[in-house]
>>> print(open('work-v5.cif').read())   # mmCIF, C-alpha atoms
data_final
#
loop_
_atom_site.label_atom_id
_atom_site.label_comp_id
_atom_site.auth_asym_id
_atom_site.auth_seq_id
_atom_site.Cartn_x
_atom_site.Cartn_y
_atom_site.Cartn_z
CA MET C 792 -13.46 8.71 -61.07
CA MET C 793 -11.75 6.94 -58.18
CA ARG C 794 -10.40 10.29 -57.00
CA LEU C 795 -13.92 11.75 -56.98
CA ASP C 796 -15.25 8.73 -55.06
CA ALA C 797 -12.53 9.11 -52.44
CA THR C 798 -13.25 12.82 -52.13
CA SER C 799 -16.98 12.22 -51.76
CA GLN C 800 -16.38 9.50 -49.12
CA GLU C 801 -14.10 11.84 -47.19
CA ALA C 802 -16.73 14.60 -47.32
CA THR C 803 -19.38 12.15 -46.15
CA MET C 804 -17.18 11.05 -43.20
CA GLN C 805 -16.55 14.67 -42.24
CA HIS C 806 -20.28 15.28 -42.35
CA LEU C 807 -21.15 12.25 -40.24
CA LEU C 808 -18.32 12.49 -37.73
CA PRO C 809 -19.60 15.50 -35.77
CA GLU C 810 -23.08 13.96 -35.54
CA GLN C 811 -21.68 10.68 -34.28
CA THR C 812 -19.48 12.55 -31.84
CA LEU C 813 -22.48 14.38 -30.43
CA HIS C 814 -24.35 11.16 -29.79
CA ALA C 815 -21.33 9.19 -28.51
CA PRO C 816 -21.34 8.55 -24.73
CA VAL C 817 -18.93 10.70 -22.78
CA ARG C 818 -16.74 8.67 -20.43
CA ILE C 819 -15.19 10.52 -17.55
CA ARG C 820 -12.05 8.79 -16.41
CA ILE C 821 -10.91 9.63 -12.89
CA PRO C 822 -7.14 9.41 -12.43
CA ASN C 823 -6.02 6.48 -10.33
CA ARG C 824 -4.46 8.57 -7.57
CA ARG C 825 -7.54 10.77 -7.29
CA ALA C 826 -9.85 7.75 -7.08
CA THR C 827 -7.60 6.17 -4.46
CA LEU C 828 -7.57 9.41 -2.47
CA ILE C 829 -11.38 9.54 -2.60
CA VAL C 830 -11.60 5.96 -1.28
CA ALA C 831 -9.12 6.71 1.52
CA MET C 832 -10.93 9.89 2.59
CA THR C 833 -14.32 8.12 2.50
CA CYS C 834 -13.04 5.30 4.73
CA LEU C 835 -11.38 7.76 7.09
CA LEU C 836 -14.51 9.93 7.40
CA ALA C 837 -16.65 6.83 8.02
CA LEU C 838 -14.36 5.65 10.83
CA VAL C 839 -14.23 9.12 12.41
CA GLY C 840 -18.03 9.28 12.19
CA ILE C 841 -18.33 5.94 14.00
CA ILE C 842 -16.04 7.16 16.80
CA ILE C 843 -17.97 10.42 17.24
CA ALA C 844 -21.35 8.67 17.11
CA GLY C 845 -20.20 6.09 19.67
CA VAL C 846 -19.00 8.75 22.10
CA ILE C 847 -22.24 10.73 21.75
CA LEU C 848 -24.46 7.66 22.14
CA ALA C 849 -22.56 6.19 25.12
CA PRO C 850 -25.23 7.30 27.68
CA GLU C 851 -28.01 5.95 25.44
CA ALA C 852 -26.16 2.64 25.13
CA ALA C 853 -26.31 2.14 28.91
CA ARG C 854 -29.94 3.19 29.35
CA THR C 855 -32.35 0.34 30.10
CA ASP C 856 -36.09 0.22 29.34
CA PHE C 857 -37.70 -3.10 30.25
CA SER C 858 -40.94 -2.07 28.52
CA GLN C 859 -39.04 -2.26 25.20
CA LYS C 860 -37.00 -5.41 25.79
CA SER C 861 -36.25 -8.11 23.16
CA LEU C 862 -37.64 -6.13 20.21
CA PRO C 863 -36.54 -7.21 16.72
CA PRO C 864 -35.13 -4.63 14.26
CA SER C 865 -37.70 -1.99 13.29
CA LEU C 866 -37.89 1.66 12.23
CA ALA C 867 -37.82 2.79 15.87
CA TYR C 868 -34.94 0.43 16.73
CA PRO C 869 -32.96 -0.40 13.53
CA PHE C 870 -30.73 -2.89 15.39
CA GLY C 871 -33.45 -4.03 17.80
CA THR C 872 -33.19 -4.13 21.60
CA ASP C 873 -31.69 -6.64 24.02
CA TRP C 874 -33.17 -8.45 27.05
CA MET C 875 -32.80 -5.27 29.14
CA GLY C 876 -34.40 -2.96 26.59
CA ARG C 877 -31.12 -1.32 25.61
CA ASN C 878 -30.88 0.19 22.14
CA MET C 879 -28.62 -2.14 20.14
CA LEU C 880 -27.77 0.55 17.58
CA ALA C 881 -26.37 2.77 20.33
CA ARG C 882 -24.60 -0.19 21.98
CA THR C 883 -23.05 -1.31 18.70
CA LEU C 884 -21.77 2.16 17.82
CA ALA C 885 -20.43 2.66 21.35
CA GLY C 886 -18.73 -0.74 21.20
CA LEU C 887 -17.19 -0.02 17.80
CA SER C 888 -15.97 3.35 19.06
CA THR C 889 -14.27 1.68 22.04
CA SER C 890 -12.69 -0.96 19.80
CA ILE C 891 -11.39 1.66 17.36
CA LEU C 892 -9.86 3.74 20.16
CA ILE C 893 -8.16 0.65 21.61
CA GLY C 894 -6.93 -0.34 18.16
CA LEU C 895 -5.65 3.19 17.54
CA GLY C 896 -3.63 3.36 20.75
CA ALA C 897 -2.33 -0.20 20.45
CA ALA C 898 -1.38 0.15 16.77
CA ILE C 899 0.54 3.40 17.33
CA ALA C 900 2.43 1.96 20.31
CA SER C 901 3.17 -1.29 18.49
CA ALA C 902 4.37 0.53 15.36
CA LEU C 903 6.72 2.72 17.41
CA ILE C 904 8.15 -0.39 19.10
CA ALA C 905 8.68 -1.93 15.66
CA LEU C 906 10.40 1.23 14.38
CA ILE C 907 12.78 1.39 17.35
CA LEU C 908 13.66 -2.31 17.33
CA GLY C 909 14.01 -2.40 13.54
CA ALA C 910 16.41 0.56 13.64
CA VAL C 911 18.41 -1.02 16.49
CA ALA C 912 18.67 -4.33 14.61
CA ALA C 913 19.79 -2.70 11.37
CA LEU C 914 22.15 -0.06 12.80
CA GLY C 915 23.34 -1.53 16.09
CA GLY C 916 25.71 -4.19 14.82
CA LYS C 917 25.59 -7.98 14.73
CA ARG C 918 24.95 -8.47 18.44
CA ALA C 919 21.96 -6.09 18.45
CA ASP C 920 20.63 -7.71 15.27
CA PHE C 921 20.90 -11.15 16.88
CA ILE C 922 19.06 -10.05 20.04
CA VAL C 923 16.22 -8.37 18.12
CA SER C 924 15.89 -11.33 15.74
CA TRP C 925 15.77 -13.68 18.74
CA LEU C 926 12.99 -11.57 20.31
CA ILE C 927 11.03 -11.64 17.08
CA ASP C 928 11.31 -15.43 16.81
CA LEU C 929 10.35 -15.79 20.47
CA MET C 930 7.23 -13.63 20.12
CA MET C 931 6.14 -15.31 16.90
CA GLY C 932 6.76 -18.77 18.35
CA VAL C 933 4.16 -18.32 21.10
CA PRO C 934 0.48 -18.61 20.06
CA HIS C 935 -0.68 -15.05 19.54
CA ILE C 936 -4.02 -15.14 21.34
CA VAL C 937 -2.54 -17.01 24.33
CA LEU C 938 0.19 -14.42 24.82
CA LEU C 939 -2.33 -11.61 24.47
CA ILE C 940 -4.61 -13.15 27.10
CA LEU C 941 -1.71 -13.66 29.53
CA ILE C 942 -0.53 -10.05 29.22
CA SER C 943 -4.04 -8.63 29.51
CA PHE C 944 -4.86 -10.78 32.53
CA ALA C 945 -1.56 -9.92 34.25
CA LEU C 946 -2.30 -6.19 33.82
CA GLY C 947 -5.78 -6.46 35.31
CA LYS C 948 -7.70 -6.57 32.01
CA GLY C 949 -9.81 -3.49 31.33
CA PHE C 950 -9.10 -0.79 28.74
CA TRP C 951 -5.40 -0.35 29.49
CA GLY C 952 -4.74 -4.05 29.98
CA VAL C 953 -6.15 -4.86 26.55
CA THR C 954 -4.41 -1.91 24.87
CA ILE C 955 -1.00 -2.74 26.33
CA GLY C 956 -1.47 -6.44 25.59
CA VAL C 957 -2.28 -5.78 21.93
CA ALA C 958 0.58 -3.28 21.63
CA LEU C 959 3.14 -5.74 23.02
CA THR C 960 2.14 -8.59 20.70
CA HIS C 961 1.74 -6.96 17.26
CA TRP C 962 5.19 -5.51 16.52
CA PRO C 963 7.27 -8.50 15.23
CA SER C 964 6.10 -8.55 11.60
CA LEU C 965 6.49 -4.80 11.12
CA THR C 966 9.90 -4.92 12.83
CA ARG C 967 11.15 -7.36 10.22
CA VAL C 968 9.91 -5.11 7.41
CA ILE C 969 11.53 -1.98 8.85
CA ARG C 970 14.79 -3.82 9.52
CA ALA C 971 14.92 -4.99 5.90
CA GLU C 972 14.15 -1.50 4.61
CA ILE C 973 16.91 0.11 6.69
CA LEU C 974 19.43 -2.53 5.60
CA GLN C 975 18.49 -1.87 1.98
CA CYS C 976 18.86 1.87 2.53
CA LYS C 977 22.34 1.40 4.06
CA GLU C 978 23.54 -0.19 0.82
CA ALA C 979 22.05 2.52 -1.40
CA GLY C 980 24.38 4.76 -3.36
CA PHE C 981 23.17 8.04 -1.90
CA VAL C 982 23.91 6.82 1.64
CA GLN C 983 27.42 5.77 0.60
CA VAL C 984 27.99 9.18 -0.95
CA ALA C 985 26.69 10.95 2.19
CA THR C 986 29.07 8.87 4.33
CA LYS C 987 32.06 9.79 2.17
CA LEU C 988 31.08 13.45 2.37
CA GLY C 989 31.47 13.30 6.15
CA ARG C 990 27.83 13.28 7.23
CA SER C 991 27.30 11.86 10.72
CA ARG C 992 25.19 8.75 11.44
CA TRP C 993 22.48 10.91 12.98
CA GLN C 994 22.33 13.19 9.92
CA ILE C 995 22.18 10.21 7.55
CA ALA C 996 19.45 8.54 9.63
CA ARG C 997 17.43 11.78 9.82
CA ASP C 998 17.83 12.99 6.24
CA HIS C 999 17.97 9.71 4.30
CA MET C 1000 16.88 6.64 6.24
CA LEU C 1001 13.80 8.08 7.95
CA PRO C 1002 12.19 9.31 4.69
CA PHE C 1003 13.09 5.97 3.08
CA VAL C 1004 11.40 3.93 5.84
CA LEU C 1005 8.47 6.28 6.51
CA PRO C 1006 6.13 4.92 3.76
CA GLN C 1007 6.44 1.33 4.98
CA PHE C 1008 6.04 2.49 8.58
CA LEU C 1009 2.80 4.36 7.83
CA ILE C 1010 1.41 1.47 5.79
CA GLY C 1011 2.24 -1.00 8.56
CA LEU C 1012 0.70 1.32 11.14
CA VAL C 1013 -2.61 1.50 9.27
CA LEU C 1014 -2.69 -2.24 8.60
CA LEU C 1015 -2.17 -2.98 12.31
CA PHE C 1016 -5.58 -1.47 13.12
CA PRO C 1017 -7.79 -4.35 11.90
CA HIS C 1018 -5.64 -6.94 13.68
CA ALA C 1019 -5.78 -4.95 16.92
CA ILE C 1020 -9.57 -4.54 16.71
CA LEU C 1021 -10.21 -8.21 15.99
CA HIS C 1022 -7.93 -9.39 18.79
CA GLU C 1023 -9.49 -6.95 21.25
CA ALA C 1024 -12.93 -8.29 20.36
CA ALA C 1025 -11.66 -11.88 20.61
CA ILE C 1026 -10.20 -11.67 24.12
CA THR C 1027 -13.16 -9.60 25.34
CA PHE C 1028 -15.46 -12.29 23.96
CA LEU C 1029 -13.47 -14.89 25.94
CA GLY C 1030 -13.78 -12.83 29.12
CA PHE C 1031 -10.17 -11.61 29.40
CA GLY C 1032 -10.68 -8.11 28.05
CA LEU C 1033 -12.98 -5.25 28.91
CA SER C 1034 -15.34 -5.37 31.87
CA PRO C 1035 -19.00 -6.37 31.28
CA GLU C 1036 -20.17 -2.85 32.23
CA GLN C 1037 -18.48 -1.36 29.18
CA ALA C 1038 -20.09 -1.33 25.75
CA ALA C 1039 -17.74 -3.37 23.57
CA ILE C 1040 -18.34 -5.60 20.57
CA GLY C 1041 -16.74 -8.59 22.28
CA ILE C 1042 -19.02 -8.21 25.30
CA ILE C 1043 -22.10 -7.77 23.07
CA LEU C 1044 -21.28 -10.95 21.13
CA SER C 1045 -20.43 -12.88 24.29
CA GLU C 1046 -23.70 -11.94 26.01
CA SER C 1047 -25.77 -12.64 22.90
CA MET C 1048 -24.72 -16.30 22.81
CA SER C 1049 -27.16 -17.08 25.64
CA TYR C 1050 -30.11 -15.66 23.72
CA LEU C 1051 -29.57 -17.07 20.22
CA THR C 1052 -31.59 -20.19 21.04
CA ALA C 1053 -34.51 -17.91 21.98
CA GLY C 1054 -34.58 -16.53 18.42
CA MET C 1055 -32.90 -13.19 19.20
CA TRP C 1056 -30.55 -13.46 16.24
CA TRP C 1057 -30.09 -9.71 15.84
CA LEU C 1058 -28.08 -9.49 19.07
CA ALA C 1059 -25.15 -11.33 17.44
CA VAL C 1060 -25.60 -11.05 13.67
CA ILE C 1061 -25.87 -7.28 13.33
CA PRO C 1062 -22.97 -6.35 15.70
CA GLY C 1063 -20.85 -9.05 14.03
CA ILE C 1064 -21.54 -7.60 10.58
CA ALA C 1065 -20.76 -4.12 11.90
CA LEU C 1066 -17.41 -5.35 13.26
CA ILE C 1067 -16.55 -6.93 9.90
CA ALA C 1068 -17.50 -3.68 8.13
CA VAL C 1069 -15.14 -1.66 10.34
CA VAL C 1070 -12.30 -4.12 9.69
CA ILE C 1071 -12.95 -3.85 5.94
CA LEU C 1072 -12.87 -0.04 6.19
CA PHE C 1073 -9.47 -0.18 7.87
CA ASP C 1074 -8.22 -2.66 5.29
CA ARG C 1075 -9.35 -0.45 2.39
CA LEU C 1076 -7.82 2.58 4.10
CA GLY C 1077 -4.50 0.76 4.48
CA SER C 1078 -4.53 -0.41 0.85
CA SER C 1079 -5.31 3.12 -0.34
CA VAL C 1080 -2.51 4.61 1.77
CA ARG C 1081 -0.11 2.04 0.34
CA ARG C 1082 -1.08 2.97 -3.21
CA LEU C 1083 -0.71 6.68 -2.50
CA ILE C 1084 2.68 6.42 -0.78
CA ASP C 1085 4.39 3.53 -2.58
CA PRO C 1086 5.61 4.67 -6.04
CA ALA C 1087 5.58 1.10 -7.35
CA SER C 1088 1.81 0.79 -6.82
CA ALA C 1089 0.77 4.41 -7.40
CA GLN C 1090 -0.93 3.64 -10.72
CA GLU C 1091 -2.57 0.32 -9.82
#
>>> encode(input="work-v5.cif", output="structure tokens")
Amino acid sequence: MMRLDATSQEATMQHLLPEQTLHAPVRIRIPNRRATLIVAMTCLLALVGIIIAGVILAPEAARTDFSQKSLPPSLAYPFGTDWMGRNMLARTLAGLSTSILIGLGAAIASALIALILGAVAALGGKRADFIVSWLIDLMMGVPHIVLLILISFALGKGFWGVTIGVALTHWPSLTRVIRAEILQCKEAGFVQVATKLGRSRWQIARDHMLPFVLPQFLIGLVLLFPHAILHEAAITFLGFGLSPEQAAIGIILSESMSYLTAGMWWLAVIPGIALIAVVILFDRLGSSVRRLIDPASAQE
């Protein structure tokens, strides 16, 4: 009797299981690496779109129309207009495009400086390591924004003054990381084996150390972008960066301070939110690149 009951229960479960399976919700699980790649590509496309839109709208950003001045956000002007009737959407996109281009040039130059100095410190002997470490401590001991303002002002401000100033002040942290990575690679077993097999220092650096350091270099390069953009906007806001004729986020925020008391809040709030959004995009892009390149965090 118990055997029959068990058989009947099993038949009932087999009869109900397909029906329950049909009505069960289907959950599509995207692999971690694919989801991370989608996030990275979305952030990258958004940033490229901002650059292209800013370049295209640069003439519109400079066009004045006093018949449309001081208009709040509307369908015709989503970001409103300023006291000269300039389209704030066009000005914001043009300013973000300028900031991204400055951040791109400064971050690449700063990352290359960090790579060179990190390699010299790790491979050049104790004296070279001491000199590079001293330079790092010296740069990090001076207030960052003060040093950036001094360099930019000494170079005549403007686009190149800001770019060179940011590039010369953002390499110390990445240099320390690269130096530590190369020192770790020198002690690895495969490097010791390559040395005993008679490979030259150049061959070992090219075939073993460069691939070992490349992931950290790329991650550091991407993560330098938001710092470069924020510091460019900061010194431009203080008047030591780009000229007032150029459309830049720092200039837009600096000029808007005089009109906040008149109720023109959109001149500062919307460009400020746009700047924060761009920084977040770069931060998410850097985090995604780190997850894609670093094996330890590939499945986070």
>>> residues_around(input="work-v5.cif", residues="Leu906 in chain C", least_positions_apart="2", cutoff="12 Å", atoms="only C-alpha atoms", output="VMD selection string")
chain C and resid 899 to 904 908 to 914 923 962 to 973 1000 to 1001 1004 to 1005 1007 to 1009 1011 to 1012
>>> atom_distance(input="work-v5.cif", atom1="CA of Glu1036 in chain C", atom2="CA of Thr855 in chain C")
12.8 Å
>>> residues_around(input="work-v5.cif", residues="Pro1062 in chain C", least_positions_apart="4", cutoff="8 Å", atoms="only C-alpha atoms", output="ChimeraX atom specification")
/C:883,1040,1043-1044,1057-1058,1066
>>> closest_residue(input="work-v5.cif", among="C:Pro850, C:Pro1035, C:Gly1041, C:Gly952", to="Ala1059 in chain C", atoms="only C-alpha atoms")
C:Gly1041
>>> residues_near_point(input="work-v5.cif", point="(-4.8, 8.5, -3.0)", cutoff="9 Å", atoms="all atoms listed in the file", output="mmCIF file with C-alpha atoms, in the coordinates of the input")
data_model
loop_
_atom_site.group_PDB
_atom_site.id
_atom_site.type_symbol
_atom_site.label_atom_id
_atom_site.label_comp_id
_atom_site.auth_asym_id
_atom_site.auth_seq_id
_atom_site.Cartn_x
_atom_site.Cartn_y
_atom_site.Cartn_z
ATOM 1 C CA ASN C 823 -6.020 6.480 -10.330
ATOM 2 C CA ARG C 824 -4.460 8.570 -7.570
ATOM 3 C CA ARG C 825 -7.540 10.770 -7.290
ATOM 4 C CA ALA C 826 -9.850 7.750 -7.080
ATOM 5 C CA THR C 827 -7.600 6.170 -4.460
ATOM 6 C CA LEU C 828 -7.570 9.410 -2.470
ATOM 7 C CA ILE C 829 -11.380 9.540 -2.600
ATOM 8 C CA VAL C 830 -11.600 5.960 -1.280
ATOM 9 C CA ALA C 831 -9.120 6.710 1.520
ATOM 10 C CA MET C 832 -10.930 9.890 2.590
ATOM 11 C CA SER C 1079 -5.310 3.120 -0.340
ATOM 12 C CA VAL C 1080 -2.510 4.610 1.770
ATOM 13 C CA ARG C 1081 -0.110 2.040 0.340
ATOM 14 C CA ARG C 1082 -1.080 2.970 -3.210
ATOM 15 C CA LEU C 1083 -0.710 6.680 -2.500
ATOM 16 C CA ILE C 1084 2.680 6.420 -0.780
ATOM 17 C CA ALA C 1089 0.770 4.410 -7.400
#
>>> residues_near_point(input="work-v5.cif", point="(-13.8, 3.6, 20.8)", cutoff="10 Å", atoms="all atoms listed in the file", output="number ranges by chain")
C: 841-846, 884-895, 1038-1039
>>> write_last_selection(input="work-v5.cif", atoms="C-alpha atoms", output="PDB file, in the coordinates of the input")
ATOM      1  CA  ILE C 841     -18.330   5.940  14.000  1.00  0.00           C
ATOM      2  CA  ILE C 842     -16.040   7.160  16.800  1.00  0.00           C
ATOM      3  CA  ILE C 843     -17.970  10.420  17.240  1.00  0.00           C
ATOM      4  CA  ALA C 844     -21.350   8.670  17.110  1.00  0.00           C
ATOM      5  CA  GLY C 845     -20.200   6.090  19.670  1.00  0.00           C
ATOM      6  CA  VAL C 846     -19.000   8.750  22.100  1.00  0.00           C
ATOM      7  CA  LEU C 884     -21.770   2.160  17.820  1.00  0.00           C
ATOM      8  CA  ALA C 885     -20.430   2.660  21.350  1.00  0.00           C
ATOM      9  CA  GLY C 886     -18.730  -0.740  21.200  1.00  0.00           C
ATOM     10  CA  LEU C 887     -17.190  -0.020  17.800  1.00  0.00           C
ATOM     11  CA  SER C 888     -15.970   3.350  19.060  1.00  0.00           C
ATOM     12  CA  THR C 889     -14.270   1.680  22.040  1.00  0.00           C
ATOM     13  CA  SER C 890     -12.690  -0.960  19.800  1.00  0.00           C
ATOM     14  CA  ILE C 891     -11.390   1.660  17.360  1.00  0.00           C
ATOM     15  CA  LEU C 892      -9.860   3.740  20.160  1.00  0.00           C
ATOM     16  CA  ILE C 893      -8.160   0.650  21.610  1.00  0.00           C
ATOM     17  CA  GLY C 894      -6.930  -0.340  18.160  1.00  0.00           C
ATOM     18  CA  LEU C 895      -5.650   3.190  17.540  1.00  0.00           C
ATOM     19  CA  ALA C1038     -20.090  -1.330  25.750  1.00  0.00           C
ATOM     20  CA  ALA C1039     -17.740  -3.370  23.570  1.00  0.00           C
TER      21      ALA C1039
END
>>> atom_distance(input="work-v5.cif", atom1="CA of Ser924 in chain C", atom2="CA of Ala945 in chain C")
25.5 Å
>>> closest_residue(input="work-v5.cif", among="C:Ala881, C:Ala1068, C:Ile936, C:Ile955", to="Ala898 in chain C", atoms="all atoms listed in the file")
C:Ile955
>>> resolve_selection(input="work-v5.cif", expression="the PyMOL selection byres ((chain C and resi 950) around 8)", output="PyMOL selection string")
chain C and resi 893+948-949+951-954+1032-1033
>>> residues_around(input="work-v5.cif", residues="Cys834 in chain C", least_positions_apart="4", cutoff="7 Å", atoms="all atoms listed in the file", output="PyMOL selection string")
chain C and resi 830+838+1072+1076
>>> closest_residue(input="work-v5.cif", among="C:Leu938, C:Ala853, C:Leu836, C:Asp873", to="Met1055 in chain C", atoms="only C-alpha atoms")
C:Asp873
>>> closest_residue(input="work-v5.cif", among="C:Gly1077, C:Gly947, C:Gly915, C:Pro864", to="Gly1030 in chain C", atoms="all atoms listed in the file")
C:Gly947
>>> closest_residue(input="work-v5.cif", among="C:Asp928, C:Val839, C:Trp874, C:Gly896", to="Ser1049 in chain C", atoms="all atoms listed in the file")
C:Trp874
>>> atom_distance(input="work-v5.cif", atom1="CA of Ser865 in chain C", atom2="CA of Gly1054 in chain C")
15.7 Å
>>> closest_residue(input="work-v5.cif", among="C:Ala905, C:Ile1026, C:Val957, C:Ile940", to="Ile927 in chain C", atoms="all atoms listed in the file")
C:Ala905
>>> resolve_selection(input="work-v5.cif", expression="the PyMOL selection byres ((chain C and resi 1017) around 9)", output="PDB file with C-alpha atoms, in the coordinates of the input")
ATOM      1  CA  ILE C 891     -11.390   1.660  17.360  1.00  0.00           C
ATOM      2  CA  GLY C 894      -6.930  -0.340  18.160  1.00  0.00           C
ATOM      3  CA  VAL C1013      -2.610   1.500   9.270  1.00  0.00           C
ATOM      4  CA  LEU C1014      -2.690  -2.240   8.600  1.00  0.00           C
ATOM      5  CA  LEU C1015      -2.170  -2.980  12.310  1.00  0.00           C
ATOM      6  CA  PHE C1016      -5.580  -1.470  13.120  1.00  0.00           C
ATOM      7  CA  HIS C1018      -5.640  -6.940  13.680  1.00  0.00           C
ATOM      8  CA  ALA C1019      -5.780  -4.950  16.920  1.00  0.00           C
ATOM      9  CA  ILE C1020      -9.570  -4.540  16.710  1.00  0.00           C
ATOM     10  CA  LEU C1021     -10.210  -8.210  15.990  1.00  0.00           C
ATOM     11  CA  HIS C1022      -7.930  -9.390  18.790  1.00  0.00           C
ATOM     12  CA  VAL C1069     -15.140  -1.660  10.340  1.00  0.00           C
ATOM     13  CA  VAL C1070     -12.300  -4.120   9.690  1.00  0.00           C
ATOM     14  CA  ILE C1071     -12.950  -3.850   5.940  1.00  0.00           C
ATOM     15  CA  LEU C1072     -12.870  -0.040   6.190  1.00  0.00           C
ATOM     16  CA  PHE C1073      -9.470  -0.180   7.870  1.00  0.00           C
ATOM     17  CA  ASP C1074      -8.220  -2.660   5.290  1.00  0.00           C
TER      18      ASP C1074
END
>>> build_atoms(input="work-v5.cif", residues="range 1015-1021 of chain C", atoms="all heavy atoms", output="mmCIF file, in the frame of the given file")
data_model
loop_
_atom_site.group_PDB
_atom_site.id
_atom_site.type_symbol
_atom_site.label_atom_id
_atom_site.label_comp_id
_atom_site.auth_asym_id
_atom_site.auth_seq_id
_atom_site.Cartn_x
_atom_site.Cartn_y
_atom_site.Cartn_z
ATOM 1 N N LEU C 1015 -2.101 -2.383 10.973
ATOM 2 C CA LEU C 1015 -2.170 -2.980 12.310
ATOM 3 C C LEU C 1015 -3.541 -2.786 12.951
ATOM 4 O O LEU C 1015 -3.928 -3.550 13.841
ATOM 5 C CB LEU C 1015 -1.100 -2.370 13.224
ATOM 6 C CG LEU C 1015 0.322 -2.912 13.099
ATOM 7 C CD1 LEU C 1015 1.267 -2.115 13.989
ATOM 8 C CD2 LEU C 1015 0.369 -4.383 13.469
ATOM 9 N N PHE C 1016 -4.297 -1.767 12.510
ATOM 10 C CA PHE C 1016 -5.580 -1.470 13.120
ATOM 11 C C PHE C 1016 -6.554 -2.650 13.074
ATOM 12 O O PHE C 1016 -7.116 -3.024 14.110
ATOM 13 C CB PHE C 1016 -6.224 -0.254 12.454
ATOM 14 C CG PHE C 1016 -5.613 1.051 12.868
ATOM 15 C CD1 PHE C 1016 -5.047 1.890 11.948
ATOM 16 C CD2 PHE C 1016 -5.608 1.439 14.194
ATOM 17 C CE1 PHE C 1016 -4.476 3.093 12.309
ATOM 18 C CE2 PHE C 1016 -5.044 2.641 14.581
ATOM 19 C CZ PHE C 1016 -4.480 3.474 13.633
ATOM 20 N N PRO C 1017 -6.813 -3.247 11.900
ATOM 21 C CA PRO C 1017 -7.790 -4.350 11.900
ATOM 22 C C PRO C 1017 -7.392 -5.523 12.765
ATOM 23 O O PRO C 1017 -8.244 -6.138 13.417
ATOM 24 C CB PRO C 1017 -7.878 -4.742 10.411
ATOM 25 C CG PRO C 1017 -6.681 -4.164 9.775
ATOM 26 C CD PRO C 1017 -6.334 -2.938 10.546
ATOM 27 N N HIS C 1018 -6.084 -5.850 12.815
ATOM 28 C CA HIS C 1018 -5.640 -6.940 13.680
ATOM 29 C C HIS C 1018 -5.882 -6.600 15.157
ATOM 30 O O HIS C 1018 -6.347 -7.447 15.937
ATOM 31 C CB HIS C 1018 -4.149 -7.207 13.459
ATOM 32 C CG HIS C 1018 -3.821 -7.724 12.100
ATOM 33 N ND1 HIS C 1018 -3.988 -9.047 11.756
ATOM 34 C CD2 HIS C 1018 -3.355 -7.115 10.989
ATOM 35 C CE1 HIS C 1018 -3.627 -9.232 10.499
ATOM 36 N NE2 HIS C 1018 -3.248 -8.072 10.007
ATOM 37 N N ALA C 1019 -5.579 -5.357 15.531
ATOM 38 C CA ALA C 1019 -5.780 -4.950 16.920
ATOM 39 C C ALA C 1019 -7.251 -5.000 17.302
ATOM 40 O O ALA C 1019 -7.610 -5.464 18.394
ATOM 41 C CB ALA C 1019 -5.215 -3.539 17.122
ATOM 42 N N ILE C 1020 -8.128 -4.553 16.411
ATOM 43 C CA ILE C 1020 -9.570 -4.540 16.710
ATOM 44 C C ILE C 1020 -10.105 -5.963 16.843
ATOM 45 O O ILE C 1020 -10.854 -6.279 17.784
ATOM 46 C CB ILE C 1020 -10.320 -3.767 15.619
ATOM 47 C CG1 ILE C 1020 -9.972 -2.286 15.693
ATOM 48 C CG2 ILE C 1020 -11.830 -3.949 15.761
ATOM 49 C CD1 ILE C 1020 -10.543 -1.481 14.557
ATOM 50 N N LEU C 1021 -9.721 -6.833 15.937
ATOM 51 C CA LEU C 1021 -10.210 -8.210 15.990
ATOM 52 C C LEU C 1021 -9.707 -8.934 17.240
ATOM 53 O O LEU C 1021 -10.462 -9.677 17.879
ATOM 54 C CB LEU C 1021 -9.781 -8.958 14.733
ATOM 55 C CG LEU C 1021 -10.545 -8.615 13.448
ATOM 56 C CD1 LEU C 1021 -9.954 -9.367 12.263
ATOM 57 C CD2 LEU C 1021 -12.030 -8.953 13.590
#
